[in-house]
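**Student:** Input structure: coords.tsv, which contains TSV, C-alpha atoms and all ligand atoms.
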```tsv
chain	number	residue	atom	x	y	z
F	1	MET	CA	-17.95	35.67	-12.09
F	2	GLY	CA	-16.27	38.68	-10.50
F	3	GLU	CA	-12.94	39.81	-11.92
F	4	GLU	CA	-10.91	38.54	-9.00
F	5	LYS	CA	-12.66	35.22	-9.02
F	6	GLN	CA	-12.15	34.88	-12.74
F	7	GLY	CA	-8.43	35.58	-12.43
F	8	PHE	CA	-8.24	32.98	-9.73
F	9	PHE	CA	-10.09	30.46	-11.86
F	10	LYS	CA	-7.79	31.07	-14.83
F	11	ARG	CA	-4.74	30.53	-12.67
F	12	LEU	CA	-6.27	27.31	-11.40
F	13	VAL	CA	-7.01	26.16	-14.94
F	14	SER	CA	-3.46	26.86	-16.08
F	15	GLY	CA	-1.97	25.30	-12.94
F	16	LEU	CA	-3.87	22.12	-13.66
F	17	THR	CA	-2.75	21.83	-17.29
F	18	LYS	CA	-0.75	18.65	-16.80
F	19	THR	CA	-3.37	17.01	-14.63
F	20	ARG	CA	-6.01	17.92	-17.17
F	21	ASP	CA	-3.92	16.53	-20.03
F	22	ASN	CA	-3.46	13.38	-18.01
F	23	ILE	CA	-7.08	12.71	-17.05
F	24	VAL	CA	-9.47	14.71	-19.14
F	25	SER	CA	-7.89	14.34	-22.59
F	26	GLY	CA	-8.00	10.58	-22.19
F	27	MET	CA	-11.58	10.74	-21.03
F	28	ASP	CA	-12.70	12.98	-23.85
F	29	SER	CA	-11.23	10.62	-26.40
F	30	ILE	CA	-13.26	7.82	-24.79
F	31	PHE	CA	-16.45	9.90	-24.94
F	32	HIS	CA	-15.76	10.65	-28.61
F	33	GLY	CA	-14.41	7.24	-29.54
F	34	PHE	CA	-17.30	5.10	-28.34
F	35	SER	CA	-20.59	5.00	-30.19
F	36	LYS	CA	-22.45	3.23	-27.40
F	37	ILE	CA	-22.30	2.82	-23.64
F	38	ASP	CA	-21.10	-0.71	-22.92
F	39	ASP	CA	-18.74	-2.58	-20.59
F	40	ASP	CA	-15.70	-1.62	-22.65
F	41	PHE	CA	-16.67	2.02	-22.36
F	42	TYR	CA	-16.89	1.82	-18.56
F	43	GLU	CA	-13.67	-0.16	-18.36
F	44	GLU	CA	-11.74	2.42	-20.33
F	45	LEU	CA	-13.13	5.22	-18.21
F	46	GLU	CA	-12.20	3.34	-15.08
F	47	GLU	CA	-8.66	2.85	-16.30
F	48	THR	CA	-8.28	6.54	-17.13
F	49	LEU	CA	-9.47	7.59	-13.68
F	50	ILE	CA	-7.10	5.19	-11.95
F	51	MET	CA	-4.21	6.35	-14.15
F	52	GLY	CA	-5.19	9.88	-13.16
F	53	ASP	CA	-4.52	9.06	-9.49
F	54	LEU	CA	-8.12	9.17	-8.33
F	55	GLY	CA	-7.54	5.94	-6.44
F	56	VAL	CA	-9.11	2.51	-6.97
F	57	ARG	CA	-11.84	2.85	-4.37
F	58	THR	CA	-12.95	6.32	-5.40
F	59	THR	CA	-12.88	5.32	-9.06
F	60	GLU	CA	-15.11	2.31	-8.43
F	61	GLU	CA	-17.60	4.47	-6.59
F	62	ILE	CA	-17.60	7.07	-9.32
F	63	ILE	CA	-18.19	4.43	-12.02
F	64	GLU	CA	-20.99	2.76	-10.03
F	65	ASP	CA	-22.66	6.10	-9.56
F	66	LEU	CA	-22.30	6.91	-13.25
F	67	LYS	CA	-23.85	3.55	-14.21
F	68	ALA	CA	-26.81	4.21	-11.92
F	69	LYS	CA	-27.34	7.67	-13.41
F	70	VAL	CA	-27.14	6.29	-16.97
F	71	ARG	CA	-29.73	3.62	-16.12
F	72	GLU	CA	-32.11	5.98	-14.33
F	73	ARG	CA	-32.04	8.60	-17.04
F	74	HIS	CA	-31.98	6.20	-20.00
F	75	ILE	CA	-28.84	7.82	-21.38
F	76	LYS	CA	-27.66	6.35	-24.68
F	77	GLU	CA	-24.94	8.73	-25.90
F	78	PRO	CA	-21.41	8.38	-24.45
F	79	MET	CA	-20.93	12.16	-24.80
F	80	GLU	CA	-23.80	12.72	-22.39
F	81	CYS	CA	-21.80	10.92	-19.72
F	82	ARG	CA	-19.27	13.74	-19.52
F	83	GLN	CA	-21.42	15.99	-17.36
F	84	LEU	CA	-22.71	13.02	-15.33
F	85	LEU	CA	-19.15	12.02	-14.58
F	86	ILE	CA	-18.27	15.56	-13.51
F	87	ASP	CA	-21.27	15.50	-11.14
F	88	SER	CA	-20.26	12.12	-9.73
F	89	ILE	CA	-16.73	13.29	-9.00
F	90	LYS	CA	-18.08	16.37	-7.23
F	91	GLU	CA	-20.43	14.24	-5.15
F	92	GLN	CA	-17.59	11.92	-4.16
F	93	MET	CA	-15.58	14.90	-2.99
F	94	ASP	CA	-18.34	16.34	-0.89
F	95	VAL	CA	-17.24	16.61	2.72
F	96	GLY	CA	-19.93	19.03	3.81
F	97	GLU	CA	-19.12	22.54	4.88
F	98	THR	CA	-15.39	22.97	4.47
F	99	ALA	CA	-14.18	24.72	7.55
F	100	TYR	CA	-12.11	27.83	7.31
F	101	GLU	CA	-13.46	28.77	10.71
F	102	PHE	CA	-10.02	28.89	12.27
F	103	GLU	CA	-9.13	31.81	10.00
F	104	ASP	CA	-11.62	33.97	11.85
F	105	ARG	CA	-11.01	32.72	15.36
F	106	LYS	CA	-8.22	32.83	17.83
F	107	SER	CA	-6.46	29.67	16.78
F	108	VAL	CA	-3.44	27.43	16.91
F	109	VAL	CA	-2.58	25.68	13.69
F	110	PHE	CA	-0.30	22.67	13.66
F	111	VAL	CA	1.38	21.83	10.41
F	112	ILE	CA	2.66	18.27	10.11
F	113	GLY	CA	3.99	16.10	7.31
F	114	VAL	CA	7.11	14.26	6.19
F	115	ASN	CA	10.33	16.05	5.20
F	116	GLY	CA	10.40	18.05	2.02
F	117	VAL	CA	6.66	18.20	1.35
F	118	GLY	CA	6.57	21.97	1.86
F	119	LYS	CA	5.52	22.58	5.49
F	120	THR	CA	7.80	25.51	6.18
F	121	THR	CA	7.08	27.12	2.81
F	122	THR	CA	3.33	26.71	3.34
F	123	ILE	CA	3.51	28.29	6.79
F	124	GLY	CA	5.32	31.24	5.22
F	125	LYS	CA	2.58	31.55	2.60
F	126	LEU	CA	-0.19	31.27	5.21
F	127	ALA	CA	1.52	33.91	7.35
F	128	GLY	CA	1.68	36.22	4.34
F	129	LYS	CA	-1.97	35.65	3.54
F	130	PHE	CA	-3.22	36.25	7.10
F	131	ARG	CA	-0.96	39.24	7.53
F	132	ALA	CA	-2.40	40.73	4.32
F	133	GLU	CA	-5.83	40.27	5.94
F	134	ARG	CA	-4.53	42.37	8.85
F	135	LYS	CA	-4.46	39.46	11.27
F	136	LYS	CA	-1.84	39.22	13.95
F	137	VAL	CA	0.27	36.15	13.31
F	138	VAL	CA	2.95	34.43	15.39
F	139	LEU	CA	5.07	31.55	14.10
F	140	ALA	CA	6.51	28.78	16.26
F	141	ALA	CA	9.63	27.07	14.95
F	142	ALA	CA	8.92	23.73	16.62
F	143	ASP	CA	11.05	21.90	14.10
F	144	THR	CA	14.11	21.95	16.35
F	145	PHE	CA	15.61	18.89	14.74
F	146	ARG	CA	17.90	20.89	12.45
F	147	ALA	CA	19.14	24.45	13.06
F	148	ALA	CA	18.57	25.21	9.36
F	149	ALA	CA	14.84	24.61	9.79
F	150	GLY	CA	14.50	27.51	12.23
F	151	GLU	CA	16.57	29.76	9.96
F	152	GLN	CA	14.38	28.89	6.98
F	153	LEU	CA	11.23	29.75	8.94
F	154	LYS	CA	12.86	32.99	10.14
F	155	GLU	CA	13.33	34.03	6.50
F	156	TRP	CA	9.64	33.42	5.86
F	157	ALA	CA	8.72	35.34	9.02
F	158	ASN	CA	10.72	38.31	7.72
F	159	ARG	CA	9.19	38.06	4.28
F	160	ALA	CA	5.67	37.94	5.73
F	161	GLN	CA	6.58	40.51	8.41
F	162	VAL	CA	5.36	38.45	11.32
F	163	ASP	CA	6.95	37.43	14.63
F	164	MET	CA	8.62	34.08	15.15
F	165	ILE	CA	9.47	32.21	18.33
F	166	GLY	CA	12.22	29.61	18.02
F	167	GLY	CA	14.43	27.43	20.17
F	168	GLN	CA	17.92	25.99	20.16
F	169	GLU	CA	18.68	23.07	17.90
F	170	GLY	CA	17.59	19.93	19.71
F	171	ALA	CA	15.27	21.81	22.08
F	172	ASP	CA	12.04	20.16	23.14
F	173	PRO	CA	9.37	21.15	20.55
F	174	ALA	CA	6.79	21.34	23.35
F	175	SER	CA	8.88	23.97	25.15
F	176	VAL	CA	9.09	26.04	21.95
F	177	VAL	CA	5.30	25.82	21.68
F	178	PHE	CA	5.02	26.82	25.33
F	179	ASP	CA	7.07	29.97	24.65
F	180	ALA	CA	5.17	30.66	21.44
F	181	VAL	CA	1.81	30.42	23.24
F	182	ALA	CA	3.04	32.92	25.82
F	183	ALA	CA	4.11	35.26	23.03
F	184	ALA	CA	0.84	34.81	21.15
F	185	LYS	CA	-1.12	35.68	24.29
F	186	ALA	CA	1.06	38.65	25.18
F	187	ARG	CA	0.82	40.04	21.64
F	188	LYS	CA	-2.88	39.24	21.33
F	189	ALA	CA	-2.25	37.17	18.21
F	190	ASP	CA	-5.10	35.91	16.10
F	191	ILE	CA	-3.26	32.91	14.71
F	192	LEU	CA	-0.32	30.89	15.97
F	193	LEU	CA	1.19	28.73	13.22
F	194	CYS	CA	3.47	25.89	14.34
F	195	ASP	CA	6.09	24.33	12.10
F	196	THR	CA	7.09	20.80	13.07
F	197	ALA	CA	9.78	18.30	12.13
F	198	GLY	CA	8.80	15.68	9.61
F	199	ARG	CA	9.43	12.44	11.33
F	200	LEU	CA	6.91	9.81	10.51
F	201	HIS	CA	9.32	6.88	10.50
F	202	ASN	CA	8.63	6.51	14.18
F	203	LYS	CA	4.88	6.71	14.57
F	204	LYS	CA	4.91	6.23	18.30
F	205	ASN	CA	7.36	9.09	18.85
F	206	LEU	CA	5.36	11.40	16.68
F	207	MET	CA	2.17	10.52	18.50
F	208	GLU	CA	3.81	11.08	21.90
F	209	GLU	CA	5.33	14.36	20.77
F	210	LEU	CA	2.03	15.64	19.43
F	211	LYS	CA	0.21	14.61	22.61
F	212	LYS	CA	2.72	16.48	24.71
F	213	ILE	CA	2.35	19.59	22.57
F	214	TYR	CA	-1.44	19.41	22.66
F	215	ARG	CA	-1.31	19.13	26.46
F	216	VAL	CA	0.74	22.33	26.61
F	217	ILE	CA	-1.80	24.12	24.42
F	218	GLU	CA	-4.79	22.83	26.34
F	219	ARG	CA	-3.29	23.95	29.63
F	220	GLU	CA	-1.82	27.27	28.51
F	221	TYR	CA	-4.18	28.38	25.78
F	222	PRO	CA	-7.58	26.74	26.32
F	223	GLU	CA	-9.43	29.53	24.55
F	224	ALA	CA	-7.73	28.77	21.22
F	225	TYR	CA	-9.30	26.80	18.43
F	226	HIS	CA	-7.20	23.86	17.16
F	227	GLU	CA	-6.43	22.94	13.65
F	228	THR	CA	-4.04	20.18	12.53
F	229	LEU	CA	-3.16	20.34	8.88
F	230	VAL	CA	-1.17	17.66	7.12
F	231	VAL	CA	0.94	18.78	4.18
F	232	LEU	CA	1.26	16.38	1.26
F	233	ASP	CA	3.33	16.65	-1.90
F	234	ALA	CA	0.94	16.18	-4.83
F	235	THR	CA	3.74	15.06	-7.13
F	236	THR	CA	4.04	11.84	-5.13
F	237	GLY	CA	0.52	10.77	-6.14
F	238	GLN	CA	-0.62	7.59	-4.41
F	239	ASN	CA	2.16	7.93	-1.85
F	240	ALA	CA	0.59	11.19	-0.68
F	241	LEU	CA	-2.68	9.33	-0.09
F	242	ALA	CA	-0.83	6.68	1.93
F	243	GLN	CA	0.84	9.38	4.05
F	244	ALA	CA	-2.49	11.05	4.71
F	245	LYS	CA	-3.85	7.74	6.00
F	246	GLU	CA	-0.85	7.19	8.27
F	247	PHE	CA	-0.99	10.67	9.76
F	248	ASN	CA	-4.70	10.31	10.25
F	249	GLU	CA	-4.00	7.34	12.50
F	250	VAL	CA	-1.78	9.31	14.86
F	251	ALA	CA	-3.42	12.74	14.86
F	252	ASP	CA	-6.85	14.30	14.50
F	253	ILE	CA	-6.28	15.76	11.08
F	254	THR	CA	-8.67	18.61	10.35
F	255	GLY	CA	-7.44	19.37	6.86
F	256	VAL	CA	-4.98	18.69	4.08
F	257	ILE	CA	-2.71	21.04	2.18
F	258	LEU	CA	-1.58	19.71	-1.18
F	259	THR	CA	1.63	21.34	-2.37
F	260	LYS	CA	3.41	21.39	-5.72
F	261	MET	CA	0.18	21.28	-7.68
F	262	ASP	CA	1.98	23.43	-10.23
F	263	GLY	CA	3.49	21.29	-12.87
F	264	THR	CA	2.26	17.91	-11.68
F	265	ALA	CA	0.05	15.54	-13.66
F	266	LYS	CA	-1.06	13.91	-10.42
F	267	GLY	CA	-3.51	16.57	-9.22
F	268	GLY	CA	-6.26	13.95	-9.33
F	269	ILE	CA	-4.95	12.83	-5.95
F	270	ALA	CA	-6.99	15.67	-4.42
F	271	VAL	CA	-10.13	13.75	-5.36
F	272	ALA	CA	-8.84	10.49	-3.86
F	273	ILE	CA	-7.78	12.13	-0.58
F	274	GLN	CA	-11.02	13.96	-0.04
F	275	ALA	CA	-13.22	11.05	-1.13
F	276	GLU	CA	-11.40	8.27	0.72
F	277	LEU	CA	-10.57	10.05	3.93
F	278	GLY	CA	-13.44	12.49	4.11
F	279	ILE	CA	-10.94	15.16	5.16
F	280	PRO	CA	-11.13	18.44	3.30
F	281	VAL	CA	-8.26	19.67	1.19
F	282	LYS	CA	-8.12	23.26	2.42
F	283	TYR	CA	-5.33	24.81	0.38
F	284	ILE	CA	-3.19	23.96	-2.58
F	285	GLY	CA	0.36	25.15	-3.21
F	286	VAL	CA	0.96	26.24	-6.77
F	287	GLY	CA	4.53	27.54	-6.67
F	288	GLU	CA	7.38	28.55	-4.41
F	289	SER	CA	6.61	32.20	-3.71
F	290	ILE	CA	4.56	33.76	-0.96
F	291	ASP	CA	1.43	34.27	-3.09
F	292	ASP	CA	1.40	30.73	-4.44
F	293	LEU	CA	-1.21	29.32	-2.10
F	294	GLN	CA	-4.89	29.03	-2.95
F	295	LYS	CA	-7.97	28.04	-1.04
F	296	PHE	CA	-9.31	24.79	-2.34
F	297	ASP	CA	-12.86	24.47	-3.53
F	298	ALA	CA	-13.79	21.00	-4.77
F	299	ASP	CA	-16.44	22.17	-7.23
F	300	GLU	CA	-14.19	24.79	-8.68
F	301	PHE	CA	-11.35	22.30	-8.86
F	302	VAL	CA	-13.42	19.82	-10.85
F	303	ASN	CA	-14.72	22.61	-13.09
F	304	ALA	CA	-11.17	23.76	-13.78
F	305	LEU	CA	-10.10	20.20	-14.45
F	306	PHE	CA	-12.82	19.68	-17.03
F	307	TYR	CA	-12.61	23.18	-18.41
F	308	LYS	CA	-12.60	23.40	-22.21
F	309	GLU	CA	-11.32	26.35	-24.19
F	310	GLU	CA	-14.58	26.55	-26.17
F	311	GLN	CA	-16.48	27.06	-22.89
F	312	LYS	CA	-14.79	30.42	-22.58
F	313	GLU	CA	-17.08	32.46	-24.83
F	314	THR	CA	-20.27	31.27	-23.19
F	315	GLU	CA	-19.00	31.86	-19.65
F	316	ASP	CA	-17.52	35.32	-20.12
D	401	LIG	N1	6.83	24.06	-7.07
D	401	LIG	C1	6.50	24.12	-5.79
D	401	LIG	N2	7.45	23.92	-4.85
D	401	LIG	C2	7.10	23.98	-3.55
D	401	LIG	C3	5.74	24.20	-3.15
D	401	LIG	N3	5.69	24.18	-1.80
D	401	LIG	C4	6.97	23.95	-1.39
D	401	LIG	N4	7.82	23.82	-2.43
D	401	LIG	C5	9.27	23.54	-2.41
D	401	LIG	O1	9.50	22.30	-1.76
D	401	LIG	C6	10.77	22.31	-1.10
D	401	LIG	C7	10.62	21.81	0.34
D	401	LIG	O2	9.86	22.77	1.07
D	401	LIG	P1	9.94	22.94	2.65
D	401	LIG	O3	8.95	23.98	3.01
D	401	LIG	O4	11.34	23.17	3.09
D	401	LIG	O5	9.45	21.51	3.14
D	401	LIG	P2	9.35	20.93	4.63
D	401	LIG	O6	10.55	20.02	4.82
D	401	LIG	O7	8.09	20.12	4.66
D	401	LIG	O8	9.32	22.07	5.57
D	401	LIG	C8	11.29	23.73	-1.21
D	401	LIG	O9	12.24	23.78	-2.25
D	401	LIG	C9	10.04	24.55	-1.58
D	401	LIG	O10	10.36	25.70	-2.32
D	401	LIG	C10	4.74	24.38	-4.18
D	401	LIG	O11	3.53	24.57	-3.95
D	401	LIG	N5	5.19	24.32	-5.47
D	402	MG	MG	10.55	22.49	7.21
```
For this file, produce the structure as structure tokens.

**Tutor:**
Amino acid sequence: MGEEKQGFFKRLVSGLTKTRDNIVSGMDSIFHGFSKIDDDFYEELEETLIMGDLGVRTTEEIIEDLKAKVRERHIKEPMECRQLLIDSIKEQMDVGETAYEFEDRKSVVFVIGVNGVGKTTTIGKLAGKFRAERKKVVLAAADTFRAAAGEQLKEWANRAQVDMIGGQEGADPASVVFDAVAAAKARKADILLCDTAGRLHNKKNLMEELKKIYRVIEREYPEAYHETLVVLDATTGQNALAQAKEFNEVADITGVILTKMDGTAKGGIAVAIQAELGIPVKYIGVGESIDDLQKFDADEFVNALFYKEEQKETED
């Protein structure tokens, strides 16, 4: 591992402490506590995975896969199931090539999600990241529902040193996007990031609003690549999964951003979301400051989750 990568991995490991305590400690005591692989063993594993927020459906698939592997390979020792289980979880999370294509293309990124999940903060972090990569970024404050929302995004725009296009409180979000597209074109921006209001309580409205905005983009900015990212608060566990499903019904979600992964024991929800919806988790939020956003890599995530201190010497 390169130094940078190792630092990143360590941060991931420490960020997942609570999730690891929640899932992996329980699992390791099952692996140690059972002397043979029987129904009770599988049942206890299943319970631990469900308690760890991996979701009922994903858990069942993981256990079935584990059983098949144990049969095929004539495994007898419960401890040998640890690695098999890790492999099964990784396979469940496989969504093919995770696309970060938009990062390298001229693109428009829509950020949606219910109130308080961390949309505005995440846009600020993304702006900071792209700006550090010397990309030209424009922000659109299309959350015109509250004046404070535009002011909050403006602060992030200043912090990240990028331009922001806003509108009056109550303005039509599509008209803000229209202005932002014009600005992005005029300034030859690489990425236009759009903040939206979190109103899911009226699905039909949201769908209509998004359609209207997409029409503006298609007409005014046909050369841009589209990305619609839904932001979910990891601390809400199963509720985050339910929100992802609802948003997926009204919009073509191309990715998920899981925020507040710092200090939650419910990080296992990343597995459930990716396995059940087949939509990649692209970034995770691990704090409130501008650098607290990481690219998500399922394999690395599972490795960090199952990381043991004694592995350290052999990997260094
Ligand atoms: N600990 C932590 N807090 C976060 C994270 N992302 C956002 N927040 C906090 O969540 C709260 C709501 O964020 P905001 O961006 O305003 O949510 P929005 O309503 O979806 O735009 C703020 O207090 C943020 O600082 C994260 O990754 N970790
Ligand atoms: Mg906001």

**Student:** With ligand LIG 401 (chain D) as the partner and 7 Å as the cut-off, tabulate the residues of chain F that qualify, each row holding the nearest pair of atoms and their distance in Å to one decimal, using all atoms listed in the file, sorted by chain and rising number, as CSV.

**Tutor:**
```
residue,atom,partner,partner_atom,distance
F:Gly113,CA,D:LIG401,O7,6.3
F:Val114,CA,D:LIG401,O7,6.1
F:Asn115,CA,D:LIG401,O6,4.0
F:Gly116,CA,D:LIG401,O6,3.4
F:Val117,CA,D:LIG401,O7,4.1
F:Gly118,CA,D:LIG401,O5,3.2
F:Lys119,CA,D:LIG401,O7,3.7
F:Thr120,CA,D:LIG401,O3,3.7
F:Thr121,CA,D:LIG401,O3,3.7
F:Thr122,CA,D:LIG401,N3,6.2
F:Gly198,CA,D:LIG401,O7,6.7
F:Thr259,CA,D:LIG401,O11,4.1
F:Lys260,CA,D:LIG401,N5,3.4
F:Met261,CA,D:LIG401,O11,6.0
F:Asp262,CA,D:LIG401,N5,5.8
F:Ile284,CA,D:LIG401,O11,6.9
F:Gly285,CA,D:LIG401,O11,3.3
F:Val286,CA,D:LIG401,O11,4.2
F:Gly287,CA,D:LIG401,N5,3.5
F:Glu288,CA,D:LIG401,O10,4.6
F:Asp292,CA,D:LIG401,O11,6.5
F:Leu293,CA,D:LIG401,O11,7.0
```

**Student:** Skip region 144-161 of chain F itself and residues of its chain fewer than 6 positions away, then list as a PyMOL selection string all residues within 12 Å of it, counting only C-alpha atoms.

**Tutor:** chain F and resi 115-116+118-138+167-177+193-199+288-291

**Student:** Keeping only C-alpha atoms, write the selected residues to a file as a CSV table (one decimal), in the coordinates of the input.

**Tutor:**
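Final output, part-v1.csv:
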```csv
chain,number,residue,atom,x,y,z
F,115,ASN,CA,10.3,16.0,5.2
F,116,GLY,CA,10.4,18.0,2.0
F,118,GLY,CA,6.6,22.0,1.9
F,119,LYS,CA,5.5,22.6,5.5
F,120,THR,CA,7.8,25.5,6.2
F,121,THR,CA,7.1,27.1,2.8
F,122,THR,CA,3.3,26.7,3.3
F,123,ILE,CA,3.5,28.3,6.8
F,124,GLY,CA,5.3,31.2,5.2
F,125,LYS,CA,2.6,31.6,2.6
F,126,LEU,CA,-0.2,31.3,5.2
F,127,ALA,CA,1.5,33.9,7.4
F,128,GLY,CA,1.7,36.2,4.3
F,129,LYS,CA,-2.0,35.6,3.5
F,130,PHE,CA,-3.2,36.2,7.1
F,131,ARG,CA,-1.0,39.2,7.5
F,132,ALA,CA,-2.4,40.7,4.3
F,133,GLU,CA,-5.8,40.3,5.9
F,134,ARG,CA,-4.5,42.4,8.8
F,135,LYS,CA,-4.5,39.5,11.3
F,136,LYS,CA,-1.8,39.2,14.0
F,137,VAL,CA,0.3,36.2,13.3
F,138,VAL,CA,3.0,34.4,15.4
F,167,GLY,CA,14.4,27.4,20.2
F,168,GLN,CA,17.9,26.0,20.2
F,169,GLU,CA,18.7,23.1,17.9
F,170,GLY,CA,17.6,19.9,19.7
F,171,ALA,CA,15.3,21.8,22.1
F,172,ASP,CA,12.0,20.2,23.1
F,173,PRO,CA,9.4,21.2,20.6
F,174,ALA,CA,6.8,21.3,23.4
F,175,SER,CA,8.9,24.0,25.2
F,176,VAL,CA,9.1,26.0,22.0
F,177,VAL,CA,5.3,25.8,21.7
F,193,LEU,CA,1.2,28.7,13.2
F,194,CYS,CA,3.5,25.9,14.3
F,195,ASP,CA,6.1,24.3,12.1
F,196,THR,CA,7.1,20.8,13.1
F,197,ALA,CA,9.8,18.3,12.1
F,198,GLY,CA,8.8,15.7,9.6
F,199,ARG,CA,9.4,12.4,11.3
F,288,GLU,CA,7.4,28.6,-4.4
F,289,SER,CA,6.6,32.2,-3.7
F,290,ILE,CA,4.6,33.8,-1.0
F,291,ASP,CA,1.4,34.3,-3.1
```

**Student:** Could you tell me how far CA of Leu85 (chain F) lies from CA of Asp65 (chain F), in Å and to one decimal?

**Tutor:**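 We find that CA of Leu85 (chain F) and CA of Asp65 (chain F) lie 8.5 Å from each other.
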
**Student:** Using all atoms listed in the file, which of F:Ala240, F:Ile269, F:Met207, F:Ala141 sits nearest ligand MG 402 (chain D)?

**Tutor:**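 Ranked by minimum distance to ligand MG 402 (chain D), first place goes to F:Ala141.
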
**Student:** Can you work out which one of F:Ile62, F:Ala142, F:Leu210, F:Leu258 has the shortest atom-to-atom distance to ligand MG 402 (chain D), counting all atoms listed in the file?

**Tutor:**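 Smallest separation from ligand MG 402 (chain D) among the options: F:Ala142.
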
**Student:** One number please: CA of Tyr214 (chain F) to CA of Val181 (chain F), in Å, one decimal.

**Tutor:** 11.5 Å

**Student:** With only C-alpha atoms as the atoms that count, which of F:Ala265, F:Ile50, F:Ala272, F:Leu229 lies nearest to Thr17 (chain F)?

**Tutor:**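 Nearest to Thr17 (chain F): F:Ala265.
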
**Student:** Find the residues with any atom within 10 Å of (-8.2, 22.0, 15.9); use all atoms listed in the file and the coordinates as given in the file, and write the answer as a tab-separated table (two decimals) with C-alpha atoms, in the frame of the given file.

**Tutor:**
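And here's point_5.tsv as it stands now:
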```
chain	number	residue	atom	x	y	z
F	102	PHE	CA	-10.02	28.89	12.27
F	107	SER	CA	-6.46	29.67	16.78
F	108	VAL	CA	-3.44	27.43	16.91
F	109	VAL	CA	-2.58	25.68	13.69
F	110	PHE	CA	-0.30	22.67	13.66
F	214	TYR	CA	-1.44	19.41	22.66
F	224	ALA	CA	-7.73	28.77	21.22
F	225	TYR	CA	-9.30	26.80	18.43
F	226	HIS	CA	-7.20	23.86	17.16
F	227	GLU	CA	-6.43	22.94	13.65
F	228	THR	CA	-4.04	20.18	12.53
F	229	LEU	CA	-3.16	20.34	8.88
F	252	ASP	CA	-6.85	14.30	14.50
F	253	ILE	CA	-6.28	15.76	11.08
F	254	THR	CA	-8.67	18.61	10.35
F	255	GLY	CA	-7.44	19.37	6.86
```

**Student:** Axis-aligned box over every listed atom of region 192-206 of chain F, padded by 6 Å per side: centre and edges in Å to one decimal, as AutoDock Vina command-line options?

**Tutor:**
```
--center_x 4.7 --center_y 18.6 --center_z 14.2 --size_x 22.1 --size_y 36.7 --size_z 21.2
```

**Student:** Which value, in Å to one decimal, gives the distance between CA of Glu44 (chain F) and CA of Ile30 (chain F)?

**Tutor:**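 Those two atoms sit 7.2 Å apart.
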
**Student:** I need the residue nearest ligand MG 402 (chain D) from this list: F:Lys211, F:Lys188, F:Val111, F:Asn205. Use all atoms listed in the file for the distance.

**Tutor:**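 Checking each candidate against ligand MG 402 (chain D), we get F:Val111 as the closest.
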